[in-house]
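> Structure in structure tokens, see below.
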Amino acid sequence: MAGFLSDLVQYRKLLLMIMVLGIGGTHLSGFQVSVINYTSVYIQKFINETWLERYGSVLHQETLTLFWSFIVSVYCVGGMIGCLCSGYLTAKYGKKKCLLFNDMVLIIATLHTGFSRRAKSFEMILIGRFLEGIGAGIHMNAHLQYAGEISPKKLRGFVNVTSSVFLALGKAVARILGLRDLLGTEDMWNVLLSFSGLVALIQLLFLPSFPESPPYLLLQKGDKAGCLKAMKQLWGEGNYQTEFDDLMKEKAVTKGTKIMNILEVLKEPSVYPQLSTMLLLLLSLQLCGLSAITFYTSEIFQTANLHESIIPYVSLGVAISELISIIFCSSIIDRFGRRILLWGGYLLMALILVLLETSLLLSDQFLWMRYCSVILIFLFIIAYGIGPAGAIASVMNEIFTLSTRSSAFVIGGIVMWLGLTFTGMIFPFAVKQKGSQPPKSQKNSKHADLRRNVIRLWRRMLPKKRHSAPSSDRPP
């Protein structure tokens, strides 16, 4: 405990920088992808009213859903563009200048979303979300790399996980402010969308007082004095010759090697193992259903037949569970290592998904099963937070050298944003299609057959009663 407190005192400037980086970094991404849940009803109503005022007719429901999916997914399109630009910008201008420029883009974006209601223009929401996506694509890559480069070796795992902590914190803040008791109302939804501009302004004001990362100053700028000064400024007074020597060795190894662009990284065989590892980890996140839970939490719980009045609070509970579990992950990652957390987390998530599918199949026959589904979603998020959420960010930062890191993060970011775009466009229509399907108890329904088989298997596993059940109680 004493050692932990002494580290807090010694690295207090580093911890302050981590907070400034986080609130204007992945915190904004978490806020922006989650806040859209709480404004969906009001934005769709605003689009309909605006269309009626302009053209004298209301939109068809499918057209309205299409407009809504554009608002959700245009953020991801902007994210891909920002991600493509981030590699060049961070390599040429450094992470610090890149983030400061990005803050100005985000302030302009939130001015569009904030004044869209007064201007009676839903197109301004599209423009604002697009610019926010560009900002997210830039600051997610820059934040993750910046945090990894400013951390000393003994705290590297902890500092790398902070990007995931702030991502989860952003989701929680969005769900708190999105409650109907606060900003989640028909009169305040545009203010809620503009909150991220205030956070970007805070980073714009405070980040200039912190230095660039020591590796960037030494390896790319050749500034030895600036590198040592940055180390002492961030890590406190002490002897950092070992860390400086490690950077000098890396500089000697990479001497004459420039920062590689995306095509050069893709053509370099020695980078293939690292790229394969990164893509495998990112694809596992895309395919596990986490994106759908993030974007459309409310719709998922509505489909599970939860009462509408408690859905915001259940969603808030999901976000807080994710935040607490990732904070716990940051405290154990350096002790247990990345591999154990990844394997354990994914095994738990797979088991929970099997149980979740079973509970959803049985929810029409047993009403209490829907509550099991909610509990399993909470457990799924906790397993994700303790395992992959923090470990993936740490692994990605550690397996690449400085010459390949920026371009590798761009490649990984494109994969992530493509998956989010697909989810944002397809999921609303999937929910509508599910809602329009005929009752599952009808004859010739494959889902009804599957449910009956699962129920029979379930009842065989239960202890047999002494008396036989009446035939009318048997499943149809």
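All residue names refer to the structure tokens as shown: chains lettered A, B, ... in order, residues numbered from 1 in each chain, ligands numbered from 1 in order.
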Find the spatial neighbours of range 189-202 of chain A, counting only C-alpha atoms, within a cut-off of 10 Å - ignore same-chain residues fewer than 4 positions away - and output them as a ChimeraX atom specification.
/A:20,23-25,27-29,31-32,35-36,38-43,99-100,102-118,125,128-129,132,170,174,177-178,180,182-185,206-207
> Would you save the residues from that selection as a compact mmCIF listing (two decimals), in the first residue's frame, using N, CA and C atoms?

# COMPACT_ATOMS: atom_id res chain seq x y z
N VAL A 20 -6.16 14.24 -18.59
CA VAL A 20 -6.40 15.21 -19.67
C VAL A 20 -6.47 14.50 -21.01
N ILE A 23 -10.02 12.34 -21.09
CA ILE A 23 -11.32 13.00 -21.26
C ILE A 23 -11.50 13.55 -22.67
N GLY A 24 -10.40 13.90 -23.34
CA GLY A 24 -10.50 14.36 -24.72
C GLY A 24 -10.14 13.30 -25.73
N GLY A 25 -9.95 12.07 -25.24
CA GLY A 25 -9.59 10.96 -26.13
C GLY A 25 -10.71 9.95 -26.23
N HIS A 27 -12.63 8.82 -24.05
CA HIS A 27 -13.84 9.21 -23.31
C HIS A 27 -14.89 9.79 -24.26
N LEU A 28 -14.44 10.62 -25.21
CA LEU A 28 -15.37 11.22 -26.17
C LEU A 28 -15.97 10.16 -27.09
N SER A 29 -15.17 9.18 -27.50
CA SER A 29 -15.70 8.12 -28.36
C SER A 29 -16.77 7.33 -27.64
N PHE A 31 -18.62 8.35 -25.18
CA PHE A 31 -19.80 9.21 -25.01
C PHE A 31 -20.60 9.30 -26.30
N GLN A 32 -19.92 9.50 -27.43
CA GLN A 32 -20.61 9.74 -28.69
C GLN A 32 -21.33 8.50 -29.22
N VAL A 35 -24.44 8.08 -26.48
CA VAL A 35 -25.44 9.14 -26.30
C VAL A 35 -26.54 9.05 -27.33
N ILE A 36 -26.22 8.45 -28.48
CA ILE A 36 -27.22 8.37 -29.55
C ILE A 36 -28.40 7.50 -29.13
N TYR A 38 -30.00 7.68 -26.32
CA TYR A 38 -30.95 8.47 -25.54
C TYR A 38 -31.60 9.59 -26.35
N THR A 39 -31.10 9.83 -27.54
CA THR A 39 -31.69 10.87 -28.39
C THR A 39 -32.43 10.28 -29.58
N SER A 40 -32.46 8.96 -29.71
CA SER A 40 -33.01 8.33 -30.91
C SER A 40 -34.47 8.71 -31.15
N VAL A 41 -35.30 8.61 -30.12
CA VAL A 41 -36.73 8.91 -30.26
C VAL A 41 -36.93 10.38 -30.64
N TYR A 42 -36.20 11.27 -29.98
CA TYR A 42 -36.39 12.70 -30.21
C TYR A 42 -35.85 13.12 -31.57
N ILE A 43 -34.73 12.55 -31.99
CA ILE A 43 -34.17 12.89 -33.31
C ILE A 43 -35.09 12.39 -34.42
N LEU A 99 -3.87 16.08 -31.38
CA LEU A 99 -5.02 16.12 -30.49
C LEU A 99 -5.57 17.53 -30.32
N LEU A 100 -4.69 18.53 -30.28
CA LEU A 100 -5.15 19.91 -30.14
C LEU A 100 -5.94 20.36 -31.37
N ASN A 102 -7.52 18.34 -33.30
CA ASN A 102 -8.73 17.52 -33.27
C ASN A 102 -9.79 18.12 -32.34
N ASP A 103 -9.35 18.73 -31.25
CA ASP A 103 -10.30 19.37 -30.34
C ASP A 103 -11.07 20.49 -31.03
N MET A 104 -10.41 21.24 -31.89
CA MET A 104 -11.09 22.32 -32.61
C MET A 104 -12.12 21.75 -33.59
N VAL A 105 -11.79 20.62 -34.23
CA VAL A 105 -12.76 19.96 -35.12
C VAL A 105 -13.99 19.53 -34.34
N LEU A 106 -13.78 18.99 -33.14
CA LEU A 106 -14.90 18.51 -32.33
C LEU A 106 -15.78 19.66 -31.84
N ILE A 107 -15.18 20.79 -31.53
CA ILE A 107 -15.98 21.95 -31.11
C ILE A 107 -16.87 22.42 -32.26
N ILE A 108 -16.32 22.45 -33.47
CA ILE A 108 -17.13 22.82 -34.65
C ILE A 108 -18.25 21.81 -34.85
N ALA A 109 -17.96 20.54 -34.66
CA ALA A 109 -18.97 19.49 -34.83
C ALA A 109 -20.13 19.66 -33.86
N THR A 110 -19.81 19.95 -32.60
CA THR A 110 -20.88 20.06 -31.60
C THR A 110 -21.69 21.35 -31.79
N LEU A 111 -21.11 22.37 -32.40
CA LEU A 111 -21.89 23.56 -32.74
C LEU A 111 -22.97 23.21 -33.77
N HIS A 112 -22.66 22.32 -34.70
CA HIS A 112 -23.65 21.87 -35.68
C HIS A 112 -24.79 21.11 -35.01
N THR A 113 -24.44 20.13 -34.18
CA THR A 113 -25.49 19.34 -33.53
C THR A 113 -26.27 20.18 -32.52
N GLY A 114 -25.60 21.12 -31.84
CA GLY A 114 -26.27 21.92 -30.83
C GLY A 114 -27.29 22.89 -31.40
N PHE A 115 -26.98 23.47 -32.57
CA PHE A 115 -27.88 24.47 -33.16
C PHE A 115 -28.80 23.88 -34.23
N SER A 116 -28.77 22.57 -34.42
CA SER A 116 -29.61 21.94 -35.46
C SER A 116 -31.09 22.13 -35.16
N ARG A 117 -31.46 22.06 -33.89
CA ARG A 117 -32.87 22.19 -33.53
C ARG A 117 -33.38 23.61 -33.78
N ARG A 118 -32.56 24.59 -33.43
CA ARG A 118 -32.96 25.98 -33.66
C ARG A 118 -33.04 26.28 -35.16
N ILE A 125 -27.29 17.73 -38.06
CA ILE A 125 -26.94 16.59 -37.20
C ILE A 125 -26.04 15.64 -37.96
N GLY A 128 -22.62 17.24 -38.15
CA GLY A 128 -21.97 17.20 -36.85
C GLY A 128 -21.49 15.80 -36.48
N ARG A 129 -22.33 14.80 -36.73
CA ARG A 129 -21.93 13.42 -36.42
C ARG A 129 -20.77 12.98 -37.31
N GLU A 132 -17.70 14.59 -35.88
CA GLU A 132 -17.37 13.89 -34.63
C GLU A 132 -16.69 12.55 -34.93
N GLY A 170 -16.82 7.22 -20.70
CA GLY A 170 -17.63 8.01 -21.63
C GLY A 170 -19.01 7.41 -21.82
N ALA A 174 -22.52 9.29 -20.68
CA ALA A 174 -23.61 9.46 -21.65
C ALA A 174 -24.92 8.91 -21.10
N LEU A 177 -26.13 11.36 -18.13
CA LEU A 177 -26.69 12.60 -18.64
C LEU A 177 -27.93 12.35 -19.50
N GLY A 178 -28.04 11.15 -20.07
CA GLY A 178 -29.17 10.83 -20.93
C GLY A 178 -30.43 10.44 -20.20
N ARG A 180 -33.87 10.86 -18.20
CA ARG A 180 -34.92 11.88 -18.39
C ARG A 180 -34.93 12.90 -17.27
N LEU A 182 -32.31 14.39 -16.31
CA LEU A 182 -31.23 15.34 -16.62
C LEU A 182 -31.41 15.91 -18.03
N LEU A 183 -30.63 15.44 -19.01
CA LEU A 183 -30.67 16.02 -20.35
C LEU A 183 -31.40 15.15 -21.37
N GLY A 184 -31.86 13.99 -20.96
CA GLY A 184 -32.51 13.08 -21.91
C GLY A 184 -33.98 13.40 -22.12
N THR A 185 -34.29 14.66 -22.47
CA THR A 185 -35.67 15.09 -22.68
C THR A 185 -35.81 15.67 -24.09
N PHE A 206 -5.88 22.61 -21.46
CA PHE A 206 -4.92 22.07 -20.49
C PHE A 206 -3.80 21.23 -21.12
N LEU A 207 -4.02 20.62 -22.27
CA LEU A 207 -2.99 19.75 -22.86
C LEU A 207 -1.70 20.49 -23.22
> Write out as a ChimeraX atom specification which residues come within 10 Å of Glu212 in chain A when counting only C-alpha atoms, dropping same-chain ones fewer than 4 positions away.
/A:94-97,146,149-150,207-208,216-217,226-227,230-231
> From a backbone DSSP assignment, name each residue in range 240-413 of chain A labelled alpha helix (DSSP H), as a VMD selection string.
chain A and resid 241 to 253 262 to 267 272 to 287 290 to 295 297 to 303 311 to 336 338 to 361 369 to 384 390 to 398 402 to 413
> Using only C-alpha atoms, which of the listed residues (A:Leu89, A:Ala408, A:Met396, A:Val33) sits closest to Glu268 in chain A?
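Using only C-alpha atoms, the shortest distance to Glu268 in chain A belongs to A:Ala408.
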> For Gly133 in chain A, which residue among A:Gly222, A:Gly30, A:Gly157, A:Gly87 is the nearest when counting only C-alpha atoms?
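The closest residue to Gly133 in chain A is A:Gly30.
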> Find the residues around Asn261 in chain A up to 9 Å (only C-alpha atoms counted), leave out those fewer than 6 positions away in its own chain, and share them as a PyMOL selection string.
chain A and resi 87-88+403-404+406-408
